[in-house]
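Each remark here refers to the structure printed beneath this line.
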Amino acid sequence: MKKLLYNLASACLYWSSFTAIAGTNVTLDKADPAPLNSTTLPFAYVYDHGKERIRDGRSATGDGLEVSVTPFYSKASKGTDRNGLQKTELGDLSGKWNLLALLDTATPTGQSAIGLLGNSVAPGTGTLPAALIAALEYGITGSAGNANEYGQGSTPTQLESIAGMIPLQDANNEFFGFQTTAEKYCKKGARFQTTGALDCGLGVTVQLGVASISNSATFKSPVSYNYTSSTITSTTYPNSTTVVNTTTPTFLKGGVATTAENPFSIHKVTTSNWAYVLQTLDDQLIDQFQAIADAIGLDTTNFQKSGFEDLKGELFWRKAIKLEGHNKALFTPFVTVNGAFDLGEPVDQDKILSMPFGNGGHHAIGGAAGFSLDFEDNFEIGAAMGVNTYSCRRENNMRIPNSIYQNGIYPYKTAANINPGNTWYLSTFMNSYHFEEDLSFYAQYLYVSHGKDNITLVTPNSGFFPEILAAKTPWSSHMLNLGLNYDVSSGIQIGCAAQIPLKQRNAHRSSTVAISIAASL
């Protein structure tokens with residue numbers, strides 16, 4: 001046992017040589033920030049029998065070895081965005097994707113211009129910007145050019161160039177030139193955990209998981225229309241387009257239909273004109289998303305992949321202290337030093353729906369501290385706090401905004417260094433060991449918060465704006481973990497657990513269920 005402890009502790013120290021300082025069982029993945037590695041309380045540390053002996057005044061044996069296997073299933077289809085708006089589509093957590101902002105940007109130094117998108121106020125023939133502007137100028141009367149398309153004659157100047165349209169966008173509403181991305185996320189697999197401890201209070205936990213992740217999406221316009229019977233057929237670009245005269249276009253905000261307000265004077269651009277403008281944006285821009293993705297080298301196919309999660313190790317110390325008094329209790333402080341060695345590949349920058357299996361290519365190490373109060377009637381309460389920090393890594397082909405208005409997808413790539421912010425967690429819990437015969441139950445509230453990443457270019461280039469990307473990296477999640485376990489025999493335990501999302505910010509509202517079987521010595 002001592003040799004095993006020494007080898008595992010050496011492995012933890014080896015991981016620490018790659019990283020800085022961190023916490024217990026939290027990750028950089030906002031879709032799965034605190035994985036369920038077993039169905040028992042994470043802070044039990046194979047110590048329940050030992051505490052019973054201490055309480056009864058017998059020899060304080062707190063040693064043992066436990067091995068568990070935990071199949072799990074996690075899914076999410078909604079989340080809370082970074083402004084706190086609930087019922088947000090997963091692809092929109094950091095804001096809807098701004099397709100309009102792709103069409104009028106300067107080409108960064110050292111990059112090749114993408115011809116299909118165009119990169120000037122007056123784009124060349126055949127580009128998406130040219131097609132969009134031509135369709136807007138055509139107007140609802142069917143006349144080509146600037147002739148009486150809108151209420152007072154010529155096309156509004158804002159609609160004659162991409163640069164003119166950008167100010168019409170409202171970051172709080174995100175419907176003019178934006179696309180919404182409805183994703184469905186699923187992760188399933190099995191996790192393996194081994195925990196060993198000595199009677200002196202020292203112990204080690206090792207965790208490893210295998211998982212299959214799928215992430216699919218539907219790309220669509222956020223605007224819906226109340227159609228009328230009036231239609232007009234365009235004879236300009238594209239060659240045959242039916243323009244539907246509509247009223248009161250709306251978009252969903254937090255799952256609630258909200259009017260897409262007309263930013264023009266009602267005499268200049270009527271409500272029907274405004275609906276036409278939005279419908280034209282859908283036809284000439286939003287519906288061209290696949291062409292845009294192809295032009296900038298983005299793979300939009302559904303993500304499906306299997307792989308290993310992070311290999312985690314934890315060195316801990318805990319020791320129960322018997323408190324004498326009217327109500328006998330055990331006070332158990334504990335401290336941990338833990339590390340994670342990332343086994344998975346970083347997220348593929350060219351696969352728009354790809355997801356990480358853990359820390360996304362970053363190793364981690366850290367620490368935590370906490371305590372529990374275990375009362376005579378087998379009721380235990382406690383709290384813990386920890387923090388993770390992560391190794392910096394270089395991404396040679398990272399997609400970074402080249403316009404302050406871009407969001408969601410970016411046309412150009414460059415080399416960048418990614419230094420993740422710290423991930424903190426706070427936990428309070430109650431645990432009832434053998435509250436009924438061989439049944440045990442625990443409930444744990446967990447708050448996980450990830451700070452802002454630091455993203456810097458390997459080669460300085462004023463054409464890129466990594467600070468915009470970094471500003472969207474903080475997230476937080478509140479969760480409730482519930483576990484019920486049954487001792488089949490003195491050495492075999494089966495259990496089930498659930499992780500229930502409570503509140504998030506810029507994170508998935510993921511729900512997880514798990515079952516496990518554990519054997520102990």
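Scheme for the structure tokens: letters A, B, ... for chains in order shown; per-chain residue numbers from 1; ligand numbers from 1 in order shown.
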Test item, strand (DSSP E) assignment across region 70-194 of chain A, answer as a PyMOL selection string: chain A and resi 70-76+78-80+88-89+97-98+178-194
List every residue of region 361-443 of chain A that has an atom at most 10 Å from any atom of region 491-511 of chain A, giving for each one its closest atom pair and the distance in Å to one decimal, counting only C-alpha atoms, sorted by chain and then by ascending residue number, as a Markdown table.
```
| residue | atom | partner | partner_atom | distance |
| --- | --- | --- | --- | --- |
| A:Asp438 | CA | A:Gln493 | CA | 9.4 |
| A:Leu439 | CA | A:Gly495 | CA | 9.4 |
| A:Ser440 | CA | A:Gly495 | CA | 9.1 |
| A:Phe441 | CA | A:Gly495 | CA | 9.5 |
| A:Tyr442 | CA | A:Ala497 | CA | 9.3 |
| A:Ala443 | CA | A:Ala497 | CA | 9.7 |
```
For Gly421 (chain A), work out the shell of residues within 6 Å, counting only C-alpha atoms and skipping chain neighbours fewer than 5 positions away, then give it as a PDB file with N, CA and C atoms, in the first residue's frame.
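Once written, out-v8.pdb looks like this:
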```pdb
ATOM      1  N   GLY A 451     -12.763  32.132 -14.665  1.00  0.00           N
ATOM      2  CA  GLY A 451     -12.384  33.508 -14.950  1.00  0.00           C
ATOM      3  C   GLY A 451     -11.997  33.726 -16.401  1.00  0.00           C
ATOM      4  N   LYS A 452     -11.692  34.944 -16.706  1.00  0.00           N
ATOM      5  CA  LYS A 452     -11.374  35.355 -18.078  1.00  0.00           C
ATOM      6  C   LYS A 452     -10.040  34.783 -18.536  1.00  0.00           C
ATOM      7  N   ASP A 453     -10.032  34.221 -19.753  1.00  0.00           N
ATOM      8  CA  ASP A 453      -8.793  33.726 -20.351  1.00  0.00           C
ATOM      9  C   ASP A 453      -7.950  34.894 -20.869  1.00  0.00           C
TER      10      ASP A 453
END
```
Who sits within 12 Å of Ala171 (chain A), only C-alpha atoms, same chain under 5 positions skipped, as a PyMOL selection string: chain A and resi 83+94-98+166+176-178+404-407
Per residue of region 310-336 of chain A within 10 Å of region 358-364 of chain A, record the nearest atom pair and its distance in Å to one decimal, counting only C-alpha atoms, with rows in chain order and ascending residue number, as CSV.
```
residue,atom,partner,partner_atom,distance
A:Asp310,CA,A:Gly358,CA,5.6
A:Leu311,CA,A:Gly358,CA,9.4
A:Lys312,CA,A:Ala364,CA,9.0
```
